[in-house]
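Asks: What follows is start27.pdb, made up of PDB, C-alpha atoms (C1' of nucleotides):
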```pdb
ATOM      1  CA  MET A   1     -94.409-170.218 -21.976
ATOM      2  CA  SER A   2     -94.971-172.726 -19.203
ATOM      3  CA  ALA A   3     -94.003-175.528 -21.534
ATOM      4  CA  PRO A   4     -91.474-177.718 -19.800
ATOM      5  CA  GLY A   5     -88.628-179.432 -21.540
ATOM      6  CA  GLN A   6     -90.901-180.071 -24.489
ATOM      7  CA  ALA A   7     -88.221-178.804 -26.783
ATOM      8  CA  GLU A   8     -85.372-181.136 -27.556
ATOM      9  CA  GLY A   9     -85.325-184.747 -26.562
ATOM     10  CA  ALA A  10     -88.449-184.405 -24.468
ATOM     11  CA  ALA A  11     -90.712-187.417 -24.807
ATOM     12  CA  ARG A  12     -94.031-186.582 -26.356
ATOM     13  CA  ARG A  13     -96.615-188.728 -24.733
ATOM     14  CA  PRO A  14     -98.140-191.088 -27.285
ATOM     15  CA  SER A  15    -101.667-190.258 -28.208
ATOM     16  CA  ARG A  16    -104.320-191.997 -30.221
ATOM     17  CA  GLN A  17    -105.495-188.676 -31.611
ATOM     18  CA  ARG A  18    -102.101-187.545 -32.829
ATOM     19  CA  ASP A  19    -101.586-190.917 -34.487
ATOM     20  CA  ALA A  20    -105.001-190.655 -36.073
ATOM     21  CA  VAL A  21    -104.224-187.247 -37.543
ATOM     22  CA  LEU A  22    -100.875-188.400 -38.859
ATOM     23  CA  GLY A  23    -102.360-191.617 -40.191
ATOM     24  CA  LEU A  24    -105.086-189.738 -41.997
ATOM     25  CA  LEU A  25    -102.557-187.438 -43.607
ATOM     26  CA  GLU A  26    -100.513-190.438 -44.702
ATOM     27  CA  GLU A  27    -103.476-191.644 -46.704
ATOM     28  CA  LEU A  28    -104.411-188.344 -48.222
ATOM     29  CA  ASP A  29    -102.714-186.493 -50.995
ATOM     30  CA  GLY A  30    -102.281-182.776 -51.071
ATOM     31  CA  PHE A  31    -102.868-180.150 -48.424
ATOM     32  CA  ARG A  32    -105.799-180.430 -46.044
ATOM     33  CA  SER A  33    -107.132-177.847 -43.648
ATOM     34  CA  ALA A  34    -107.456-178.499 -39.943
ATOM     35  CA  GLN A  35    -111.219-178.235 -40.123
ATOM     36  CA  ASP A  36    -111.218-180.659 -43.008
ATOM     37  CA  LEU A  37    -109.197-183.209 -41.078
ATOM     38  CA  HIS A  38    -111.410-182.778 -38.072
ATOM     39  CA  THR A  39    -114.504-183.490 -40.128
ATOM     40  CA  LEU A  40    -112.915-186.542 -41.754
ATOM     41  CA  LEU A  41    -111.920-187.971 -38.393
ATOM     42  CA  ARG A  42    -115.419-187.450 -37.080
ATOM     43  CA  GLU A  43    -116.890-189.176 -40.091
ATOM     44  CA  ARG A  44    -114.741-192.199 -39.352
ATOM     45  CA  GLY A  45    -116.330-192.300 -35.952
ATOM     46  CA  ASP A  46    -113.208-191.000 -34.280
ATOM     47  CA  THR A  47    -114.089-188.814 -31.331
ATOM     48  CA  VAL A  48    -111.690-185.933 -31.620
ATOM     49  CA  GLY A  49    -112.029-182.327 -30.612
ATOM     50  CA  LEU A  50    -111.198-179.565 -33.037
ATOM     51  CA  ALA A  51    -108.771-178.041 -30.559
ATOM     52  CA  THR A  52    -107.030-181.378 -30.316
ATOM     53  CA  VAL A  53    -106.617-181.540 -34.065
ATOM     54  CA  TYR A  54    -104.961-178.140 -34.012
ATOM     55  CA  ARG A  55    -102.721-179.209 -31.141
ATOM     56  CA  ALA A  56    -101.772-182.424 -32.889
ATOM     57  CA  LEU A  57    -100.992-180.575 -36.102
ATOM     58  CA  GLN A  58     -98.779-178.086 -34.308
ATOM     59  CA  ALA A  59     -96.946-180.873 -32.543
ATOM     60  CA  LEU A  60     -96.403-182.721 -35.803
ATOM     61  CA  VAL A  61     -95.183-179.580 -37.511
ATOM     62  CA  ASP A  62     -92.790-179.012 -34.629
ATOM     63  CA  ASP A  63     -91.522-182.540 -35.110
ATOM     64  CA  GLY A  64     -90.966-181.810 -38.775
ATOM     65  CA  LEU A  65     -93.426-184.433 -39.963
ATOM     66  CA  LEU A  66     -95.786-182.020 -41.665
ATOM     67  CA  ASP A  67     -95.598-179.059 -43.993
ATOM     68  CA  VAL A  68     -97.859-176.076 -43.630
ATOM     69  CA  LEU A  69     -99.120-173.939 -46.459
ATOM     70  CA  ARG A  70    -101.271-170.888 -45.989
ATOM     71  CA  GLY A  71    -103.796-170.155 -48.688
ATOM     72  CA  PRO A  72    -104.831-166.687 -49.868
ATOM     73  CA  ASP A  73    -107.899-166.872 -47.665
ATOM     74  CA  GLY A  74    -105.759-167.349 -44.603
ATOM     75  CA  GLU A  75    -106.658-170.969 -44.100
ATOM     76  CA  ALA A  76    -103.723-173.213 -43.320
ATOM     77  CA  GLY A  77    -103.238-176.528 -45.117
ATOM     78  CA  TYR A  78    -101.218-179.433 -43.722
ATOM     79  CA  ARG A  79     -99.495-182.248 -45.542
ATOM     80  CA  ARG A  80     -97.433-185.300 -44.618
ATOM     81  CA  CYS A  81     -94.040-184.928 -46.193
ATOM     82  CA  SER A  82     -90.460-185.981 -46.127
ATOM     83  CA  PRO A  83     -88.323-184.385 -43.429
ATOM     84  CA  SER A  84     -85.644-183.164 -45.804
ATOM     85  CA  HIS A  85     -85.785-179.702 -47.285
ATOM     86  CA  HIS A  86     -87.952-179.486 -50.383
ATOM     87  CA  HIS A  87     -90.581-177.414 -52.127
ATOM     88  CA  HIS A  88     -93.993-178.117 -53.579
ATOM     89  CA  LEU A  89     -95.558-178.129 -56.968
ATOM     90  CA  VAL A  90     -99.271-177.844 -56.289
ATOM     91  CA  CYS A  91    -102.159-178.201 -58.703
ATOM     92  CA  ARG A  92    -104.510-175.326 -57.997
ATOM     93  CA  SER A  93    -107.393-177.298 -59.364
ATOM     94  CA  CYS A  94    -107.215-180.759 -57.780
ATOM     95  CA  GLY A  95    -104.657-180.170 -55.037
ATOM     96  CA  LEU A  96    -102.244-182.796 -56.345
ATOM     97  CA  THR A  97     -98.878-182.118 -54.789
ATOM     98  CA  VAL A  98     -95.392-183.092 -55.894
ATOM     99  CA  GLU A  99     -92.340-182.637 -53.714
ATOM    100  CA  VAL A 100     -89.391-181.237 -55.588
ATOM    101  CA  ALA A 101     -85.838-180.380 -54.703
ATOM    102  CA  ALA A 102     -84.514-177.069 -55.974
ATOM    103  CA  PRO A 103     -80.729-176.893 -55.792
ATOM    104  CA  PRO A 104     -80.516-173.810 -58.048
ATOM    105  CA  VAL A 105     -82.955-172.001 -55.823
ATOM    106  CA  GLU A 106     -81.017-172.911 -52.695
ATOM    107  CA  ARG A 107     -77.846-171.610 -54.255
ATOM    108  CA  TRP A 108     -79.477-168.436 -55.492
ATOM    109  CA  THR A 109     -81.040-167.778 -52.104
ATOM    110  CA  ALA A 110     -77.753-168.149 -50.275
ATOM    111  CA  ARG A 111     -75.940-165.923 -52.719
ATOM    112  CA  VAL A 112     -78.490-163.119 -52.753
ATOM    113  CA  ALA A 113     -78.803-163.179 -48.976
ATOM    114  CA  ALA A 114     -75.055-162.887 -48.629
ATOM    115  CA  GLU A 115     -74.900-160.035 -51.132
ATOM    116  CA  HIS A 116     -77.379-158.056 -49.063
ATOM    117  CA  GLY A 117     -75.829-158.930 -45.733
ATOM    118  CA  PHE A 118     -78.659-161.107 -44.518
ATOM    119  CA  ALA A 119     -77.846-163.931 -42.136
ATOM    120  CA  ASP A 120     -79.746-166.895 -40.750
ATOM    121  CA  VAL A 121     -81.699-167.187 -43.954
ATOM    122  CA  ARG A 122     -84.767-169.264 -44.688
ATOM    123  CA  HIS A 123     -87.093-169.218 -47.619
ATOM    124  CA  ASP A 124     -90.553-170.236 -48.655
ATOM    125  CA  LEU A 125     -91.197-171.298 -52.208
ATOM    126  CA  GLU A 126     -94.367-172.799 -53.569
ATOM    127  CA  VAL A 127     -95.193-173.340 -57.206
ATOM    128  CA  PHE A 128     -98.810-173.396 -58.298
ATOM    129  CA  GLY A 129    -100.089-174.587 -61.625
ATOM    130  CA  THR A 130    -102.563-176.807 -63.388
ATOM    131  CA  CYS A 131    -101.556-180.442 -63.619
ATOM    132  CA  ARG A 132    -101.783-182.398 -66.851
ATOM    133  CA  GLY A 133    -104.946-184.193 -65.793
ATOM    134  CA  CYS A 134    -106.835-181.054 -64.891
ATOM    135  CA  ALA A 135    -105.625-179.190 -67.968
ATOM    136  CA  ALA A 136    -106.916-182.014 -70.203
ATOM    137  CA  ARG A 137    -110.209-182.180 -68.339
ATOM    138  CA  ARG A 138    -110.847-178.514 -68.944
ATOM    139  CA  GLY A 139    -109.923-178.648 -72.586
TER     140      GLY A 139
ATOM    141  CA  MET B   1    -120.741-159.666 -57.446
ATOM    142  CA  SER B   2    -122.730-156.658 -58.532
ATOM    143  CA  ALA B   3    -119.552-154.868 -59.444
ATOM    144  CA  PRO B   4    -119.961-153.492 -62.927
ATOM    145  CA  GLY B   5    -117.131-153.040 -65.350
ATOM    146  CA  GLN B   6    -114.716-152.378 -62.529
ATOM    147  CA  ALA B   7    -112.249-154.691 -64.161
ATOM    148  CA  GLU B   8    -110.261-153.340 -67.053
ATOM    149  CA  GLY B   9    -110.266-149.743 -68.097
ATOM    150  CA  ALA B  10    -113.048-148.836 -65.701
ATOM    151  CA  ALA B  11    -112.403-145.529 -64.015
ATOM    152  CA  ARG B  12    -111.907-145.839 -60.322
ATOM    153  CA  ARG B  13    -113.426-142.847 -58.668
ATOM    154  CA  PRO B  14    -110.713-140.756 -56.983
ATOM    155  CA  SER B  15    -110.695-140.948 -53.238
ATOM    156  CA  ARG B  16    -108.805-139.149 -50.539
ATOM    157  CA  GLN B  17    -108.661-142.311 -48.432
ATOM    158  CA  ARG B  18    -107.136-144.492 -51.129
ATOM    159  CA  ASP B  19    -104.545-141.825 -51.820
ATOM    160  CA  ALA B  20    -103.802-141.591 -48.116
ATOM    161  CA  VAL B  21    -103.216-145.328 -47.847
ATOM    162  CA  LEU B  22    -100.974-145.368 -50.877
ATOM    163  CA  GLY B  23     -99.128-142.273 -49.723
ATOM    164  CA  LEU B  24     -98.507-143.791 -46.324
ATOM    165  CA  LEU B  25     -97.132-146.949 -47.865
ATOM    166  CA  GLU B  26     -94.850-144.871 -50.091
ATOM    167  CA  GLU B  27     -93.244-143.454 -46.979
ATOM    168  CA  LEU B  28     -92.950-146.678 -45.069
ATOM    169  CA  ASP B  29     -90.485-149.453 -45.611
ATOM    170  CA  GLY B  30     -91.384-153.086 -45.283
ATOM    171  CA  PHE B  31     -94.704-154.824 -44.970
ATOM    172  CA  ARG B  32     -97.466-153.302 -42.884
ATOM    173  CA  SER B  33    -100.692-154.877 -41.783
ATOM    174  CA  ALA B  34    -104.053-153.350 -42.570
ATOM    175  CA  GLN B  35    -104.749-152.726 -38.897
ATOM    176  CA  ASP B  36    -101.358-151.103 -38.580
ATOM    177  CA  LEU B  37    -102.024-148.740 -41.466
ATOM    178  CA  HIS B  38    -105.428-147.918 -40.083
ATOM    179  CA  THR B  39    -103.934-146.973 -36.731
ATOM    180  CA  LEU B  40    -101.245-144.854 -38.367
ATOM    181  CA  LEU B  41    -103.787-142.980 -40.462
ATOM    182  CA  ARG B  42    -105.897-142.316 -37.404
ATOM    183  CA  GLU B  43    -102.890-141.018 -35.520
ATOM    184  CA  ARG B  44    -102.289-138.529 -38.311
ATOM    185  CA  GLY B  45    -105.766-137.268 -37.712
ATOM    186  CA  ASP B  46    -107.075-138.871 -40.868
ATOM    187  CA  THR B  47    -110.634-140.051 -40.408
ATOM    188  CA  VAL B  48    -110.645-143.425 -42.094
ATOM    189  CA  GLY B  49    -112.700-146.494 -41.358
ATOM    190  CA  LEU B  50    -111.004-149.845 -41.012
ATOM    191  CA  ALA B  51    -113.233-151.336 -43.669
ATOM    192  CA  THR B  52    -112.189-148.543 -45.986
ATOM    193  CA  VAL B  53    -108.537-149.334 -45.425
ATOM    194  CA  TYR B  54    -109.215-152.943 -46.413
ATOM    195  CA  ARG B  55    -111.154-151.820 -49.469
ATOM    196  CA  ALA B  56    -108.408-149.421 -50.493
ATOM    197  CA  LEU B  57    -105.756-152.089 -50.065
ATOM    198  CA  GLN B  58    -107.691-154.562 -52.166
ATOM    199  CA  ALA B  59    -108.208-151.982 -54.872
ATOM    200  CA  LEU B  60    -104.510-151.120 -54.883
ATOM    201  CA  VAL B  61    -103.536-154.775 -55.011
ATOM    202  CA  ASP B  62    -105.918-155.242 -57.925
ATOM    203  CA  ASP B  63    -104.219-152.342 -59.646
ATOM    204  CA  GLY B  64    -100.878-154.023 -59.079
ATOM    205  CA  LEU B  65     -99.511-151.226 -56.926
ATOM    206  CA  LEU B  66     -99.055-153.311 -53.806
ATOM    207  CA  ASP B  67     -97.655-156.668 -52.806
ATOM    208  CA  VAL B  68     -99.307-158.841 -50.207
ATOM    209  CA  LEU B  69     -97.497-161.184 -47.884
ATOM    210  CA  ARG B  70     -99.236-163.423 -45.414
ATOM    211  CA  GLY B  71     -97.391-164.051 -42.191
ATOM    212  CA  PRO B  72     -97.405-167.306 -40.232
ATOM    213  CA  ASP B  73    -100.061-165.887 -37.935
ATOM    214  CA  GLY B  74    -102.397-165.336 -40.857
ATOM    215  CA  GLU B  75    -102.109-161.586 -40.833
ATOM    216  CA  ALA B  76    -101.588-160.020 -44.246
ATOM    217  CA  GLY B  77     -98.883-157.425 -44.818
ATOM    218  CA  TYR B  78     -98.967-154.862 -47.641
ATOM    219  CA  ARG B  79     -96.119-153.048 -49.311
ATOM    220  CA  ARG B  80     -95.696-150.498 -52.070
ATOM    221  CA  CYS B  81     -93.588-152.081 -54.756
ATOM    222  CA  SER B  82     -92.602-152.072 -58.369
ATOM    223  CA  PRO B  83     -95.094-153.602 -60.776
ATOM    224  CA  SER B  84     -92.614-155.942 -62.404
ATOM    225  CA  HIS B  85     -92.164-159.498 -61.202
ATOM    226  CA  HIS B  86     -89.801-159.757 -58.255
ATOM    227  CA  HIS B  87     -89.297-161.407 -54.881
ATOM    228  CA  HIS B  88     -88.528-160.130 -51.407
ATOM    229  CA  LEU B  89     -85.717-160.426 -48.968
ATOM    230  CA  VAL B  90     -87.282-159.587 -45.625
ATOM    231  CA  CYS B  91     -85.591-159.006 -42.285
ATOM    232  CA  ARG B  92     -87.550-160.971 -39.745
ATOM    233  CA  SER B  93     -86.447-158.646 -37.015
ATOM    234  CA  CYS B  94     -86.933-155.096 -38.296
ATOM    235  CA  GLY B  95     -89.073-155.736 -41.387
ATOM    236  CA  LEU B  96     -86.590-154.150 -43.791
ATOM    237  CA  THR B  97     -87.451-155.344 -47.259
ATOM    238  CA  VAL B  98     -85.358-155.561 -50.407
ATOM    239  CA  GLU B  99     -86.826-156.331 -53.798
ATOM    240  CA  VAL B 100     -84.783-158.810 -55.754
ATOM    241  CA  ALA B 101     -85.027-160.354 -59.178
ATOM    242  CA  ALA B 102     -84.407-164.081 -59.412
ATOM    243  CA  PRO B 103     -83.752-165.215 -62.962
ATOM    244  CA  PRO B 104     -82.381-168.629 -61.913
ATOM    245  CA  VAL B 105     -85.518-169.249 -59.906
ATOM    246  CA  GLU B 106     -87.756-168.290 -62.798
ATOM    247  CA  ARG B 107     -85.898-170.652 -65.079
ATOM    248  CA  TRP B 108     -85.933-173.476 -62.560
ATOM    249  CA  THR B 109     -89.649-173.009 -61.935
ATOM    250  CA  ALA B 110     -90.503-173.172 -65.618
ATOM    251  CA  ARG B 111     -88.371-176.240 -66.163
ATOM    252  CA  VAL B 112     -89.649-178.220 -63.195
ATOM    253  CA  ALA B 113     -93.249-177.337 -63.978
ATOM    254  CA  ALA B 114     -92.784-178.539 -67.551
ATOM    255  CA  GLU B 115     -91.140-181.765 -66.404
ATOM    256  CA  HIS B 116     -94.152-182.586 -64.279
ATOM    257  CA  GLY B 117     -96.703-181.520 -66.855
ATOM    258  CA  PHE B 118     -97.918-178.468 -64.988
ATOM    259  CA  ALA B 119     -99.231-175.543 -67.014
ATOM    260  CA  ASP B 120    -100.199-171.977 -66.221
ATOM    261  CA  VAL B 121     -97.575-171.808 -63.538
ATOM    262  CA  ARG B 122     -97.074-169.196 -60.868
ATOM    263  CA  HIS B 123     -94.876-169.185 -57.837
ATOM    264  CA  ASP B 124     -94.454-167.525 -54.487
ATOM    265  CA  LEU B 125     -90.986-167.044 -53.085
ATOM    266  CA  GLU B 126     -90.042-165.064 -50.023
ATOM    267  CA  VAL B 127     -86.688-165.089 -48.318
ATOM    268  CA  PHE B 128     -86.484-164.331 -44.610
ATOM    269  CA  GLY B 129     -83.336-163.555 -42.690
ATOM    270  CA  THR B 130     -81.680-161.176 -40.296
ATOM    271  CA  CYS B 131     -80.262-158.052 -41.867
ATOM    272  CA  ARG B 132     -76.787-156.816 -41.098
ATOM    273  CA  GLY B 133     -78.020-154.091 -38.783
ATOM    274  CA  CYS B 134     -80.157-156.389 -36.673
ATOM    275  CA  ALA B 135     -77.494-159.071 -36.545
ATOM    276  CA  ALA B 136     -74.969-156.543 -35.244
ATOM    277  CA  ARG B 137     -77.448-155.157 -32.749
ATOM    278  CA  ARG B 138     -78.023-158.570 -31.253
ATOM    279  CA  GLY B 139     -74.331-159.348 -30.980
TER     280      GLY B 139
ATOM    281  C1'  DG C   1    -102.426-200.382  -7.403
ATOM    282  C1'  DT C   2    -101.815-195.414  -6.775
ATOM    283  C1'  DG C   3    -100.616-190.687  -7.900
ATOM    284  C1'  DC C   4     -98.984-187.030 -10.831
ATOM    285  C1'  DG C   5     -99.099-184.484 -14.910
ATOM    286  C1'  DC C   6     -99.789-183.955 -19.588
ATOM    287  C1'  DA C   7    -103.431-184.638 -23.218
ATOM    288  C1'  DT C   8    -108.110-184.154 -24.290
ATOM    289  C1'  DG C   9    -112.832-182.213 -25.460
ATOM    290  C1'  DA C  10    -116.382-178.759 -25.478
ATOM    291  C1'  DG C  11    -117.329-174.366 -25.809
ATOM    292  C1'  DA C  12    -115.996-169.603 -25.113
ATOM    293  C1'  DA C  13    -112.850-166.091 -26.552
ATOM    294  C1'  DT C  14    -109.897-163.715 -29.857
ATOM    295  C1'  DC C  15    -108.447-161.713 -34.022
ATOM    296  C1'  DA C  16    -108.295-160.504 -38.818
ATOM    297  C1'  DT C  17    -111.225-159.772 -42.407
ATOM    298  C1'  DT C  18    -115.699-159.088 -44.783
ATOM    299  C1'  DC C  19    -120.474-157.707 -45.039
ATOM    300  C1'  DT C  20    -124.517-154.587 -44.308
ATOM    301  C1'  DC C  21    -126.658-150.414 -44.266
ATOM    302  C1'  DG C  22    -127.588-145.658 -44.353
ATOM    303  C1'  DC C  23    -125.336-141.459 -45.763
ATOM    304  C1'  DA C  24    -122.180-138.388 -48.568
ATOM    305  C1'  DT C  25    -120.463-137.077 -52.837
ATOM    306  C1'  DA C  26    -118.662-137.331 -57.526
ATOM    307  C1'  DT C  27    -120.097-138.051 -62.366
ATOM    308  C1'  DG C  28    -123.403-138.014 -66.190
ATOM    309  C1'  DC C  29    -127.414-136.208 -68.389
ATOM    310  C1'  DC C  30    -130.408-132.445 -69.274
TER     311       DC C  30
ATOM    312  C1'  DG D   1    -126.459-125.078 -63.033
ATOM    313  C1'  DG D   2    -129.545-128.820 -61.161
ATOM    314  C1'  DC D   3    -131.157-133.337 -60.548
ATOM    315  C1'  DA D   4    -130.514-138.619 -60.887
ATOM    316  C1'  DT D   5    -127.689-142.339 -59.972
ATOM    317  C1'  DA D   6    -123.821-144.968 -58.886
ATOM    318  C1'  DT D   7    -119.827-145.364 -56.137
ATOM    319  C1'  DG D   8    -117.182-144.519 -51.954
ATOM    320  C1'  DC D   9    -117.409-144.023 -46.931
ATOM    321  C1'  DG D  10    -117.824-145.105 -41.795
ATOM    322  C1'  DA D  11    -119.463-147.787 -38.004
ATOM    323  C1'  DG D  12    -120.632-151.791 -36.217
ATOM    324  C1'  DA D  13    -122.267-156.509 -36.824
ATOM    325  C1'  DA D  14    -121.139-160.940 -38.808
ATOM    326  C1'  DT D  15    -118.014-164.573 -40.212
ATOM    327  C1'  DG D  16    -114.546-167.973 -39.919
ATOM    328  C1'  DA D  17    -110.168-169.775 -38.484
ATOM    329  C1'  DT D  18    -107.496-170.461 -34.603
ATOM    330  C1'  DT D  19    -106.417-170.364 -29.605
ATOM    331  C1'  DC D  20    -107.583-170.435 -24.754
ATOM    332  C1'  DT D  21    -109.875-172.210 -20.453
ATOM    333  C1'  DC D  22    -110.942-175.608 -17.466
ATOM    334  C1'  DA D  23    -112.620-179.835 -15.735
ATOM    335  C1'  DT D  24    -111.755-184.607 -16.724
ATOM    336  C1'  DG D  25    -109.288-188.862 -18.464
ATOM    337  C1'  DC D  26    -105.505-191.704 -19.015
ATOM    338  C1'  DG D  27    -100.416-193.129 -19.564
ATOM    339  C1'  DC D  28     -96.372-193.795 -17.135
ATOM    340  C1'  DA D  29     -93.360-194.032 -12.944
ATOM    341  C1'  DC D  30     -93.088-195.847  -8.632
TER     342       DC D  30
END
```
Represent the structure of the file as structure tokens.

Replies:
Amino acid sequence: MSAPGQAEGAARRPSRQRDAVLGLLEELDGFRSAQDLHTLLRERGDTVGLATVYRALQALVDDGLLDVLRGPDGEAGYRRCSPSHHHHLVCRSCGLTVEVAAPPVERWTARVAAEHGFADVRHDLEVFGTCRGCAARRG
Amino acid sequence: MSAPGQAEGAARRPSRQRDAVLGLLEELDGFRSAQDLHTLLRERGDTVGLATVYRALQALVDDGLLDVLRGPDGEAGYRRCSPSHHHHLVCRSCGLTVEVAAPPVERWTARVAAEHGFADVRHDLEVFGTCRGCAARRG
DNA sequence: GTGCGCATGAGAATCATTCTCGCATATGCC
DNA sequence: GGCATATGCGAGAATGATTCTCATGCGCAC
């Protein structure tokens, strides 16, 4: 609550750690947990605190550079993604993730929301499946 | 892990507590957290342990009688709902929930999954907005 | 070069959820 | 009906992710 003009055009001070987190996510594919990223950074010899990783992730999400996905066990996964609106097709076996646009879904959402008198509408849609590679591997 | 044939046709022993949880959810509208339900049951004078509420909720979810929704803060919400496939339109202000069917979304999901070679597909879709009542209330 | 203020790091604190354990009770067998 | 056994229960401890606290470090403005 004491956050100053962090909101709009406020300059976020550059930080090696934030860059490291973002850089790591650029290299990786699929969703990674905060703890996971922290461990990976440590293994690279990067001295980063776990709290800092969480802070960096939040900042990056605020800036719209990352997507968050919460698994059934309550653990949050983060992924570098394009800033435009999209959804994900995620392989539940290997974590492979494909960004997809869903015009029909957007239209449907808007229509149904209007029909029920809902305003200021947002939606979450994630599609989980088994990708071709994993399906073949398991017979 | 030691659970015997609890899976399919196994008889679940009747329990006052499970009935109480289900009954409470029948009365309520919208998603309620486990802690919330526990508090409500206690206030009614029902002696129920928190762990029991979690167990009952899991059992009911397994039986397909409840829907689970995980909020951004990681807290899970439970709701009594119809057993057929559907999605939710949730008011982010008052929690009012409407079940909706989304044929276009189902079709789109199947098509996109097929295009990318994904099999055994499932999806999660939740729509959040402000219902008419809450919008009016806030001007 | 100096000073201010945000960012950091380590560990403690918090919060939801799950596990453990001893007890109560329903169900099955006789 | 009466006992044996498995399943459900309640309380509190344990777990695991995330957030907070606070002293310190460093970038940027002057």

Asks: Going by the chain IDs and residue numbers used in this file, which residues fall under the PyMOL selection byres ((chain A) within 10 of (chain C))? Write them as a list of chain:residue names.

Replies: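 Applied to this file, the PyMOL selection byres ((chain A) within 10 of (chain C)) selects A:Arg12, A:Arg13, A:Pro14, A:Ser15, A:Gln17, A:Thr47, A:Val48, A:Gly49, A:Leu50, A:Ala51, A:Thr52, A:Arg55, A:Asp73, A:Gly74.
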
Asks: Rounded to one decimal in Å, what is the spacing between atom CA of A:Tyr78 and atom CA of A:Phe31?

Replies: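 Atom-to-atom, atom CA of A:Tyr78 and atom CA of A:Phe31 are spaced 5.0 Å apart.
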
Asks: Taking all atoms listed in the file into account and nothing else, which residues of chain B lie no more than 6 Å away from chain A? Please answer as a ChimeraX atom specification.

Replies: /B:74,105,117-132

Asks: Using atom CA of B:Val53 and atom CA of B:Arg80 as the two end points, give the distance in Å to one decimal.

Replies: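 Between atom CA of B:Val53 and atom CA of B:Arg80 the gap is 14.5 Å.
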
Asks: Which value, in Å to one decimal, gives the distance between atom CA of B:Pro83 and atom CA of B:Glu27?

Replies: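 We find that atom CA of B:Pro83 and atom CA of B:Glu27 lie 17.2 Å from each other.
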
Asks: Using the chain letters and numbers from the file, which residues does the PyMOL selection byres ((chain D) within 12 of (chain A)) grab, as an NGL selection string?

Replies: :D and (16-21 or 26-28)
